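The structure file my_file15.txt is reproduced below (compact mmCIF, N, CA and C atoms).
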```txt
# COMPACT_ATOMS: atom_id res chain seq x y z
N MET A 89 -6.17 21.88 -4.75
CA MET A 89 -5.89 21.75 -6.16
C MET A 89 -5.51 20.30 -6.46
N ALA A 90 -6.10 19.72 -7.48
CA ALA A 90 -5.80 18.34 -7.87
C ALA A 90 -4.36 18.22 -8.35
N LEU A 91 -3.77 17.06 -8.11
CA LEU A 91 -2.40 16.80 -8.54
C LEU A 91 -2.39 16.30 -9.98
N THR A 92 -1.30 16.55 -10.67
CA THR A 92 -1.13 16.01 -12.02
C THR A 92 -0.81 14.52 -11.92
N ARG A 93 -0.88 13.82 -13.02
CA ARG A 93 -0.54 12.39 -13.06
C ARG A 93 0.89 12.18 -12.54
N GLU A 94 1.81 13.03 -12.96
CA GLU A 94 3.21 12.90 -12.53
C GLU A 94 3.35 13.17 -11.03
N GLU A 95 2.65 14.17 -10.51
CA GLU A 95 2.70 14.47 -9.08
C GLU A 95 2.12 13.33 -8.26
N ARG A 96 1.04 12.74 -8.73
CA ARG A 96 0.44 11.60 -8.02
C ARG A 96 1.41 10.44 -7.97
N ALA A 97 2.04 10.12 -9.12
CA ALA A 97 2.99 9.01 -9.18
C ALA A 97 4.17 9.27 -8.25
N GLN A 98 4.71 10.47 -8.29
CA GLN A 98 5.85 10.82 -7.43
C GLN A 98 5.47 10.70 -5.96
N PHE A 99 4.28 11.18 -5.62
CA PHE A 99 3.83 11.12 -4.23
C PHE A 99 3.68 9.67 -3.76
N LEU A 100 3.07 8.82 -4.58
CA LEU A 100 2.89 7.42 -4.19
C LEU A 100 4.21 6.67 -4.13
N ALA A 101 5.21 7.12 -4.87
CA ALA A 101 6.52 6.49 -4.84
C ALA A 101 7.27 6.78 -3.54
N GLU A 102 6.84 7.80 -2.81
CA GLU A 102 7.44 8.13 -1.52
C GLU A 102 6.94 7.14 -0.46
N PRO A 103 7.72 6.90 0.59
CA PRO A 103 7.34 5.89 1.59
C PRO A 103 6.36 6.39 2.65
N HIS A 104 5.11 6.58 2.27
CA HIS A 104 4.06 6.94 3.21
C HIS A 104 3.34 5.68 3.67
N VAL A 105 2.77 5.71 4.86
CA VAL A 105 1.91 4.62 5.30
C VAL A 105 0.52 4.90 4.75
N ALA A 106 -0.10 3.89 4.15
CA ALA A 106 -1.42 4.05 3.54
C ALA A 106 -2.50 3.60 4.51
N ALA A 107 -3.71 4.08 4.28
CA ALA A 107 -4.90 3.53 4.91
C ALA A 107 -5.53 2.61 3.87
N LEU A 108 -5.66 1.34 4.20
CA LEU A 108 -6.28 0.34 3.33
C LEU A 108 -7.74 0.26 3.69
N ALA A 109 -8.62 0.34 2.69
CA ALA A 109 -10.07 0.22 2.93
C ALA A 109 -10.62 -0.87 2.02
N ILE A 110 -11.42 -1.77 2.63
CA ILE A 110 -12.00 -2.90 1.91
C ILE A 110 -13.45 -3.06 2.34
N ASP A 111 -14.32 -3.36 1.39
CA ASP A 111 -15.71 -3.67 1.70
C ASP A 111 -15.75 -4.83 2.69
N ALA A 112 -16.41 -4.63 3.83
CA ALA A 112 -16.47 -5.66 4.86
C ALA A 112 -17.80 -6.41 4.86
N GLY A 113 -18.64 -6.16 3.86
CA GLY A 113 -19.89 -6.92 3.75
C GLY A 113 -21.09 -6.17 4.28
N ALA A 114 -22.24 -6.78 4.06
CA ALA A 114 -23.52 -6.18 4.44
C ALA A 114 -23.57 -5.88 5.94
N GLY A 115 -24.04 -4.69 6.26
CA GLY A 115 -24.21 -4.31 7.65
C GLY A 115 -22.93 -3.91 8.36
N ARG A 116 -21.82 -3.86 7.63
CA ARG A 116 -20.54 -3.50 8.21
C ARG A 116 -19.96 -2.29 7.48
N ALA A 117 -19.26 -1.46 8.21
CA ALA A 117 -18.50 -0.38 7.57
C ALA A 117 -17.27 -1.01 6.93
N PRO A 118 -16.63 -0.31 5.99
CA PRO A 118 -15.41 -0.87 5.40
C PRO A 118 -14.34 -1.12 6.47
N LEU A 119 -13.58 -2.18 6.28
CA LEU A 119 -12.40 -2.40 7.12
C LEU A 119 -11.36 -1.39 6.66
N THR A 120 -10.84 -0.61 7.58
CA THR A 120 -9.83 0.41 7.26
C THR A 120 -8.70 0.28 8.26
N VAL A 121 -7.49 0.00 7.75
CA VAL A 121 -6.32 -0.21 8.60
C VAL A 121 -5.09 0.40 7.94
N PRO A 122 -4.08 0.79 8.74
CA PRO A 122 -2.83 1.27 8.15
C PRO A 122 -2.05 0.10 7.56
N ILE A 123 -1.32 0.38 6.47
CA ILE A 123 -0.55 -0.68 5.82
C ILE A 123 0.60 -0.09 5.02
N TRP A 124 1.70 -0.84 4.94
CA TRP A 124 2.79 -0.49 4.04
C TRP A 124 2.39 -0.90 2.64
N TYR A 125 2.85 -0.17 1.65
CA TYR A 125 2.57 -0.50 0.26
C TYR A 125 3.81 -0.22 -0.58
N GLN A 126 3.82 -0.76 -1.78
CA GLN A 126 4.88 -0.46 -2.75
C GLN A 126 4.22 0.05 -4.02
N TYR A 127 4.83 1.04 -4.63
CA TYR A 127 4.33 1.61 -5.89
C TYR A 127 5.35 1.33 -6.97
N GLU A 128 4.90 0.74 -8.07
CA GLU A 128 5.79 0.39 -9.17
C GLU A 128 5.68 1.41 -10.30
N PRO A 129 6.74 1.59 -11.08
CA PRO A 129 6.74 2.59 -12.15
C PRO A 129 5.60 2.46 -13.15
N ASP A 130 5.05 1.26 -13.33
CA ASP A 130 3.94 1.09 -14.28
C ASP A 130 2.60 1.50 -13.69
N GLY A 131 2.59 1.98 -12.43
CA GLY A 131 1.36 2.43 -11.79
C GLY A 131 0.71 1.39 -10.89
N THR A 132 1.22 0.17 -10.88
CA THR A 132 0.69 -0.87 -10.02
C THR A 132 1.11 -0.61 -8.58
N VAL A 133 0.21 -0.87 -7.65
CA VAL A 133 0.56 -0.84 -6.24
C VAL A 133 0.42 -2.25 -5.69
N TRP A 134 1.23 -2.57 -4.68
CA TRP A 134 1.05 -3.86 -4.02
C TRP A 134 1.23 -3.74 -2.53
N ILE A 135 0.53 -4.65 -1.84
CA ILE A 135 0.61 -4.76 -0.40
C ILE A 135 0.96 -6.20 -0.06
N MET A 136 1.41 -6.40 1.16
CA MET A 136 1.71 -7.75 1.65
C MET A 136 0.92 -7.95 2.93
N THR A 137 0.26 -9.10 3.04
CA THR A 137 -0.52 -9.40 4.23
C THR A 137 -0.53 -10.90 4.46
N GLY A 138 -0.99 -11.32 5.60
CA GLY A 138 -1.04 -12.73 5.93
C GLY A 138 -2.05 -13.48 5.07
N LEU A 139 -1.69 -14.67 4.66
CA LEU A 139 -2.58 -15.52 3.87
C LEU A 139 -3.89 -15.73 4.59
N GLU A 140 -3.86 -15.92 5.90
CA GLU A 140 -5.05 -16.19 6.69
C GLU A 140 -5.68 -14.94 7.29
N SER A 141 -5.22 -13.76 6.91
CA SER A 141 -5.70 -12.53 7.52
C SER A 141 -7.10 -12.15 7.02
N ARG A 142 -7.78 -11.36 7.84
CA ARG A 142 -9.09 -10.84 7.45
C ARG A 142 -8.96 -9.94 6.22
N LYS A 143 -7.85 -9.18 6.15
CA LYS A 143 -7.63 -8.33 4.98
C LYS A 143 -7.63 -9.17 3.71
N ASN A 144 -6.87 -10.25 3.69
CA ASN A 144 -6.80 -11.10 2.49
C ASN A 144 -8.15 -11.71 2.17
N GLU A 145 -8.85 -12.16 3.19
CA GLU A 145 -10.18 -12.74 2.99
C GLU A 145 -11.14 -11.73 2.36
N LEU A 146 -11.19 -10.51 2.92
CA LEU A 146 -12.11 -9.49 2.40
C LEU A 146 -11.72 -9.02 1.00
N ILE A 147 -10.42 -8.86 0.75
CA ILE A 147 -9.98 -8.45 -0.59
C ILE A 147 -10.35 -9.53 -1.61
N GLY A 148 -10.17 -10.80 -1.23
CA GLY A 148 -10.57 -11.89 -2.12
C GLY A 148 -12.05 -11.86 -2.44
N ALA A 149 -12.87 -11.56 -1.45
CA ALA A 149 -14.32 -11.51 -1.66
C ALA A 149 -14.73 -10.29 -2.49
N ALA A 150 -14.11 -9.14 -2.20
CA ALA A 150 -14.49 -7.90 -2.89
C ALA A 150 -13.85 -7.78 -4.27
N GLY A 151 -12.66 -8.33 -4.43
CA GLY A 151 -11.96 -8.24 -5.71
C GLY A 151 -11.33 -6.89 -5.98
N ARG A 152 -11.36 -5.99 -5.00
CA ARG A 152 -10.80 -4.65 -5.16
C ARG A 152 -10.59 -4.03 -3.78
N PHE A 153 -9.83 -2.96 -3.74
CA PHE A 153 -9.60 -2.24 -2.49
C PHE A 153 -9.18 -0.82 -2.80
N THR A 154 -9.10 -0.02 -1.75
CA THR A 154 -8.66 1.37 -1.84
C THR A 154 -7.47 1.58 -0.93
N LEU A 155 -6.52 2.39 -1.41
CA LEU A 155 -5.43 2.89 -0.57
C LEU A 155 -5.53 4.41 -0.55
N MET A 156 -5.44 5.00 0.63
CA MET A 156 -5.41 6.44 0.77
C MET A 156 -4.13 6.80 1.49
N VAL A 157 -3.34 7.67 0.88
CA VAL A 157 -2.04 8.07 1.40
C VAL A 157 -2.07 9.58 1.61
N ASP A 158 -1.60 10.02 2.78
CA ASP A 158 -1.59 11.47 3.01
C ASP A 158 -0.33 11.87 3.75
N ARG A 159 -0.12 13.18 3.79
CA ARG A 159 0.96 13.79 4.57
C ARG A 159 0.48 15.16 5.02
N LEU A 160 1.13 15.69 6.04
CA LEU A 160 0.74 17.00 6.57
C LEU A 160 1.78 18.08 6.32
N GLU A 161 3.01 17.69 6.02
CA GLU A 161 4.06 18.68 5.79
C GLU A 161 4.90 18.29 4.59
N PRO A 162 5.40 19.18 3.80
CA PRO A 162 5.34 20.63 3.97
C PRO A 162 3.99 21.22 3.57
N THR A 163 3.17 20.45 2.86
CA THR A 163 1.80 20.87 2.56
C THR A 163 0.88 19.71 2.89
N ILE A 164 -0.39 20.01 3.02
CA ILE A 164 -1.38 18.96 3.23
C ILE A 164 -1.70 18.38 1.86
N ARG A 165 -1.34 17.12 1.67
CA ARG A 165 -1.48 16.48 0.36
C ARG A 165 -1.97 15.06 0.55
N TYR A 166 -2.83 14.60 -0.37
CA TYR A 166 -3.25 13.20 -0.32
C TYR A 166 -3.49 12.67 -1.72
N VAL A 167 -3.38 11.34 -1.83
CA VAL A 167 -3.73 10.61 -3.04
C VAL A 167 -4.50 9.37 -2.59
N SER A 168 -5.62 9.13 -3.22
CA SER A 168 -6.41 7.93 -2.96
C SER A 168 -6.57 7.19 -4.27
N VAL A 169 -6.30 5.87 -4.27
CA VAL A 169 -6.45 5.05 -5.47
C VAL A 169 -7.37 3.89 -5.16
N GLU A 170 -8.18 3.52 -6.15
CA GLU A 170 -9.10 2.40 -5.99
C GLU A 170 -9.10 1.61 -7.28
N GLY A 171 -9.08 0.29 -7.16
CA GLY A 171 -9.11 -0.52 -8.36
C GLY A 171 -9.19 -2.00 -8.07
N PRO A 172 -9.25 -2.77 -9.15
CA PRO A 172 -9.39 -4.22 -9.02
C PRO A 172 -8.06 -4.90 -8.71
N VAL A 173 -8.17 -6.04 -8.07
CA VAL A 173 -7.01 -6.87 -7.80
C VAL A 173 -6.55 -7.48 -9.12
N LEU A 174 -5.26 -7.35 -9.42
CA LEU A 174 -4.68 -7.96 -10.61
C LEU A 174 -4.32 -9.41 -10.35
N ASP A 175 -3.69 -9.65 -9.20
CA ASP A 175 -3.32 -11.01 -8.83
C ASP A 175 -2.92 -11.06 -7.37
N THR A 176 -2.95 -12.26 -6.83
CA THR A 176 -2.48 -12.55 -5.48
C THR A 176 -1.51 -13.70 -5.60
N SER A 177 -0.33 -13.55 -5.00
CA SER A 177 0.68 -14.60 -5.10
C SER A 177 1.41 -14.74 -3.77
N PRO A 178 2.01 -15.92 -3.53
CA PRO A 178 2.79 -16.08 -2.31
C PRO A 178 3.91 -15.04 -2.26
N ALA A 179 4.11 -14.46 -1.08
CA ALA A 179 5.17 -13.47 -0.91
C ALA A 179 6.52 -14.16 -0.84
N THR A 180 7.54 -13.47 -1.32
CA THR A 180 8.90 -13.96 -1.22
C THR A 180 9.64 -13.15 -0.16
N ILE A 181 10.72 -13.70 0.33
CA ILE A 181 11.53 -12.97 1.31
C ILE A 181 12.14 -11.73 0.66
N GLU A 182 12.37 -11.78 -0.65
CA GLU A 182 12.90 -10.60 -1.36
C GLU A 182 11.87 -9.47 -1.36
N GLN A 183 10.59 -9.80 -1.53
CA GLN A 183 9.55 -8.77 -1.49
C GLN A 183 9.43 -8.20 -0.08
N LEU A 184 9.53 -9.06 0.93
CA LEU A 184 9.49 -8.58 2.31
C LEU A 184 10.66 -7.64 2.56
N ARG A 185 11.82 -7.98 2.06
CA ARG A 185 13.00 -7.12 2.22
C ARG A 185 12.78 -5.78 1.48
N GLU A 186 12.22 -5.83 0.27
CA GLU A 186 11.98 -4.61 -0.51
C GLU A 186 11.04 -3.66 0.21
N ILE A 187 9.92 -4.18 0.69
CA ILE A 187 8.94 -3.29 1.33
C ILE A 187 9.45 -2.82 2.70
N SER A 188 10.20 -3.67 3.39
CA SER A 188 10.76 -3.28 4.69
C SER A 188 11.80 -2.17 4.51
N ALA A 189 12.62 -2.28 3.47
CA ALA A 189 13.65 -1.26 3.21
C ALA A 189 13.02 0.08 2.85
N ARG A 190 11.82 0.06 2.33
CA ARG A 190 11.10 1.30 1.99
C ARG A 190 10.74 2.09 3.25
N TYR A 191 10.50 1.38 4.36
CA TYR A 191 9.97 2.03 5.56
C TYR A 191 10.92 2.06 6.75
N LEU A 192 11.86 1.17 6.81
CA LEU A 192 12.73 1.07 7.98
C LEU A 192 14.12 1.61 7.70
N PRO A 193 14.83 2.07 8.75
CA PRO A 193 16.23 2.46 8.56
C PRO A 193 17.02 1.23 8.10
N ALA A 194 18.02 1.45 7.27
CA ALA A 194 18.79 0.36 6.67
C ALA A 194 19.31 -0.63 7.71
N GLU A 195 19.75 -0.12 8.83
CA GLU A 195 20.32 -1.01 9.85
C GLU A 195 19.28 -1.88 10.56
N LYS A 196 18.00 -1.61 10.37
CA LYS A 196 16.93 -2.38 11.01
C LYS A 196 16.30 -3.42 10.08
N VAL A 197 16.57 -3.33 8.79
CA VAL A 197 15.88 -4.17 7.81
C VAL A 197 16.16 -5.66 8.02
N ASP A 198 17.42 -6.07 8.11
CA ASP A 198 17.74 -7.49 8.22
C ASP A 198 17.09 -8.13 9.45
N GLY A 199 17.18 -7.47 10.60
CA GLY A 199 16.58 -8.00 11.82
C GLY A 199 15.08 -8.12 11.71
N TYR A 200 14.45 -7.09 11.14
CA TYR A 200 12.99 -7.14 10.98
C TYR A 200 12.59 -8.25 10.02
N VAL A 201 13.26 -8.35 8.88
CA VAL A 201 12.92 -9.37 7.88
C VAL A 201 13.08 -10.76 8.47
N ASP A 202 14.17 -11.01 9.17
CA ASP A 202 14.39 -12.32 9.77
C ASP A 202 13.26 -12.67 10.74
N ALA A 203 12.91 -11.75 11.61
CA ALA A 203 11.85 -12.00 12.59
C ALA A 203 10.49 -12.15 11.92
N ALA A 204 10.17 -11.23 11.00
CA ALA A 204 8.86 -11.27 10.34
C ALA A 204 8.68 -12.54 9.52
N TRP A 205 9.72 -12.96 8.81
CA TRP A 205 9.63 -14.15 7.96
C TRP A 205 9.34 -15.39 8.79
N LYS A 206 9.90 -15.43 10.00
CA LYS A 206 9.71 -16.58 10.89
C LYS A 206 8.40 -16.52 11.67
N GLU A 207 7.97 -15.32 12.05
CA GLU A 207 6.88 -15.18 13.02
C GLU A 207 5.52 -14.79 12.44
N HIS A 208 5.46 -14.20 11.27
CA HIS A 208 4.19 -13.69 10.77
C HIS A 208 3.36 -14.70 10.00
N GLY A 209 3.87 -15.89 9.80
CA GLY A 209 3.13 -16.89 9.04
C GLY A 209 3.21 -16.62 7.55
N GLU A 210 2.53 -17.46 6.79
CA GLU A 210 2.58 -17.32 5.33
C GLU A 210 1.97 -15.99 4.89
N GLN A 211 2.67 -15.30 4.00
CA GLN A 211 2.25 -13.99 3.51
C GLN A 211 1.92 -14.06 2.02
N VAL A 212 1.09 -13.14 1.58
CA VAL A 212 0.76 -13.02 0.16
C VAL A 212 0.98 -11.58 -0.28
N VAL A 213 1.25 -11.41 -1.57
CA VAL A 213 1.34 -10.09 -2.19
C VAL A 213 0.10 -9.93 -3.05
N ILE A 214 -0.58 -8.81 -2.87
CA ILE A 214 -1.80 -8.51 -3.62
C ILE A 214 -1.51 -7.27 -4.46
N ARG A 215 -1.64 -7.40 -5.77
CA ARG A 215 -1.38 -6.30 -6.70
C ARG A 215 -2.70 -5.71 -7.18
N MET A 216 -2.70 -4.37 -7.30
CA MET A 216 -3.89 -3.64 -7.74
C MET A 216 -3.48 -2.59 -8.77
N ARG A 217 -4.28 -2.46 -9.83
CA ARG A 217 -4.06 -1.41 -10.82
C ARG A 217 -5.11 -0.33 -10.57
N PRO A 218 -4.70 0.86 -10.14
CA PRO A 218 -5.66 1.92 -9.87
C PRO A 218 -6.52 2.27 -11.09
N GLU A 219 -7.82 2.34 -10.87
CA GLU A 219 -8.77 2.79 -11.89
C GLU A 219 -9.29 4.19 -11.58
N ARG A 220 -9.42 4.48 -10.31
CA ARG A 220 -9.96 5.77 -9.89
C ARG A 220 -8.95 6.45 -8.96
N TRP A 221 -8.75 7.74 -9.20
CA TRP A 221 -7.80 8.53 -8.43
C TRP A 221 -8.52 9.75 -7.87
N VAL A 222 -8.23 10.07 -6.63
CA VAL A 222 -8.66 11.33 -6.02
C VAL A 222 -7.40 11.89 -5.37
N SER A 223 -7.09 13.14 -5.65
CA SER A 223 -5.87 13.72 -5.09
C SER A 223 -6.03 15.22 -4.91
N SER A 224 -5.25 15.75 -3.99
CA SER A 224 -5.27 17.18 -3.79
C SER A 224 -4.06 17.62 -2.99
N ASP A 225 -3.64 18.84 -3.24
CA ASP A 225 -2.65 19.50 -2.40
C ASP A 225 -3.36 20.75 -1.87
N LEU A 226 -3.60 20.75 -0.58
CA LEU A 226 -4.35 21.84 0.05
C LEU A 226 -3.46 22.99 0.50
N GLY A 227 -2.17 22.86 0.22
CA GLY A 227 -1.24 23.91 0.61
C GLY A 227 -0.94 23.87 2.09
N THR A 228 -0.44 24.97 2.62
CA THR A 228 -0.16 25.05 4.06
C THR A 228 -1.31 25.76 4.74
N VAL A 229 -1.50 25.42 5.98
CA VAL A 229 -2.59 26.03 6.75
C VAL A 229 -2.00 26.91 7.82
```
Represent the supplied structure as C-alpha cells.
Amino acid sequence: MALTREERAQFLAEPHVAALAIDAGAGRAPLTVPIWYQYEPDGTVWIMTGLESRKNELIGAAGRFTLMVDRLEPTIRYVSVEGPVLDTSPATIEQLREISARYLPAEKVDGYVDAAWKEHGEQVVIRMRPERWVSSDLGTV
C-alpha cells in the first residue's frame, strides 16, 4: 500500500541509511552506494560527500539523483525520491555535526566529527528537491 505524503515525510525524517543512485554514463549501470542523508521539513533532502569524489562528479554531470530508503521492521516499508539538484555548496563543520548526530550515538559524535573534518578532505553538501516519489508499506511477512 502506498504511503501518504505525511507518512513519507515522517519516514524520511527518521535516521535510515539511504541507497544513493546516480547515472554513471553510457555503458555503465547507475552508481549505487549507501549514504547518510538529512531530510528538511520543506521536503528538501541533502547529502554530504567529498568534493573530489566520484559521487560528486557524477551528480554534477547528471544534475539529479535518487535516494531509496527502506526498513524491514516493524513492517517492510520503503520510500524512493528522485529529483534535480537544487545547489551544491561547501560543507560546514556544523552540517557534519548535524548529519553525524542523526546517525551516531551522542557520545561518539564529537570524536567522529573531529576525525572526519581532518581526514576526509573537502566536503560538499548537495541539496535535492524530490519530484518523483515511490513508496509502499508491505506490512509484515
Determine, for each residue of segment 89-173 of chain A having at least one atom at most 6.5 Å from an atom of segment 187-209 of chain A, the closest pair of atoms and their separation in Å to one decimal, counting all atoms listed in the file; order by chain and ascending number, as JSON lines.
```
{"residue": "A:Pro103", "atom": "CA", "partner": "A:Arg190", "partner_atom": "C", "distance": 5.4}
{"residue": "A:Tyr125", "atom": "C", "partner": "A:Ile187", "partner_atom": "CA", "distance": 6.3}
{"residue": "A:Gln126", "atom": "CA", "partner": "A:Ile187", "partner_atom": "CA", "distance": 6.4}
{"residue": "A:Gly138", "atom": "CA", "partner": "A:Gly209", "partner_atom": "C", "distance": 6.0}
{"residue": "A:Leu139", "atom": "N", "partner": "A:Gly209", "partner_atom": "C", "distance": 6.0}
```
**OP:** Fewer than 2 positions away in the same chain doesn't count, so skip those; otherwise give me all residues within 6.5 Å of segment 153-156 of chain A, counting only N, CA and C atoms, as an MDAnalysis selection string.
**Re:** chainID A and resid 105:111 147 150:151 158 167:173
Original post:
Which residues in chain A does DSSP call alpha helix (DSSP H)? List them as a ChimeraX atom specification.
Top reply: /A:93-101,142-150,181-191,194-207
**OP:** Kindly give the distance, in Å, that separates atom C of Ser223 of chain A and atom C of Glu95 of chain A, rounded to a single decimal.
**Re:**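 Computing it gives 9.0 Å between the two atoms.
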Subject >> Residue nearest Thr176 of chain A among A:Val212, A:Thr137, A:Arg93, A:Gly113 (counting all atoms listed in the file) >> reply: A:Val212
Subject >> Selection: 8 Å around Leu100 of chain A, only C-alpha atoms, excl. self and same-chain fewer than 2 positions, as a VMD selection string >> reply: chain A and resid 96 to 98 102 to 104 127 157 167
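Note that atom CA of Pro118 of chain A and atom CA of Glu140 of chain A are 18.5 Å apart.
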Specify the axis-aligned box that encloses all atoms of segment 201-205 of chain A listed in the file after padding of 4 Å on each side, stating its centre and edge lengths in Å to one decimal as AutoDock Vina command-line options.
```
--center_x 11.5 --center_y -11.9 --center_z 10.2 --size_x 13.7 --size_y 15.0 --size_z 12.7
```
**OP:** For atom C of Pro129 of chain A and atom N of Asp175 of chain A, quote the distance in Å rounded to one decimal.
**Re:** 15.8 Å
**OP:** May I have the residues within 7 Å of Thr180 of chain A as an NGL selection string, using all atoms listed in the file and disregarding those fewer than 2 positions away in the same chain?
**Re:** :A and (177-178 or 182-185 or 211-213)
Original post:
Quick one: of A:Val133, A:Lys143, A:Phe99, A:Ser224, who's nearest to Thr120 of chain A, counting only C-alpha atoms?
Top reply: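 Once distances to Thr120 of chain A are computed over only C-alpha atoms, the minimum belongs to A:Lys143.
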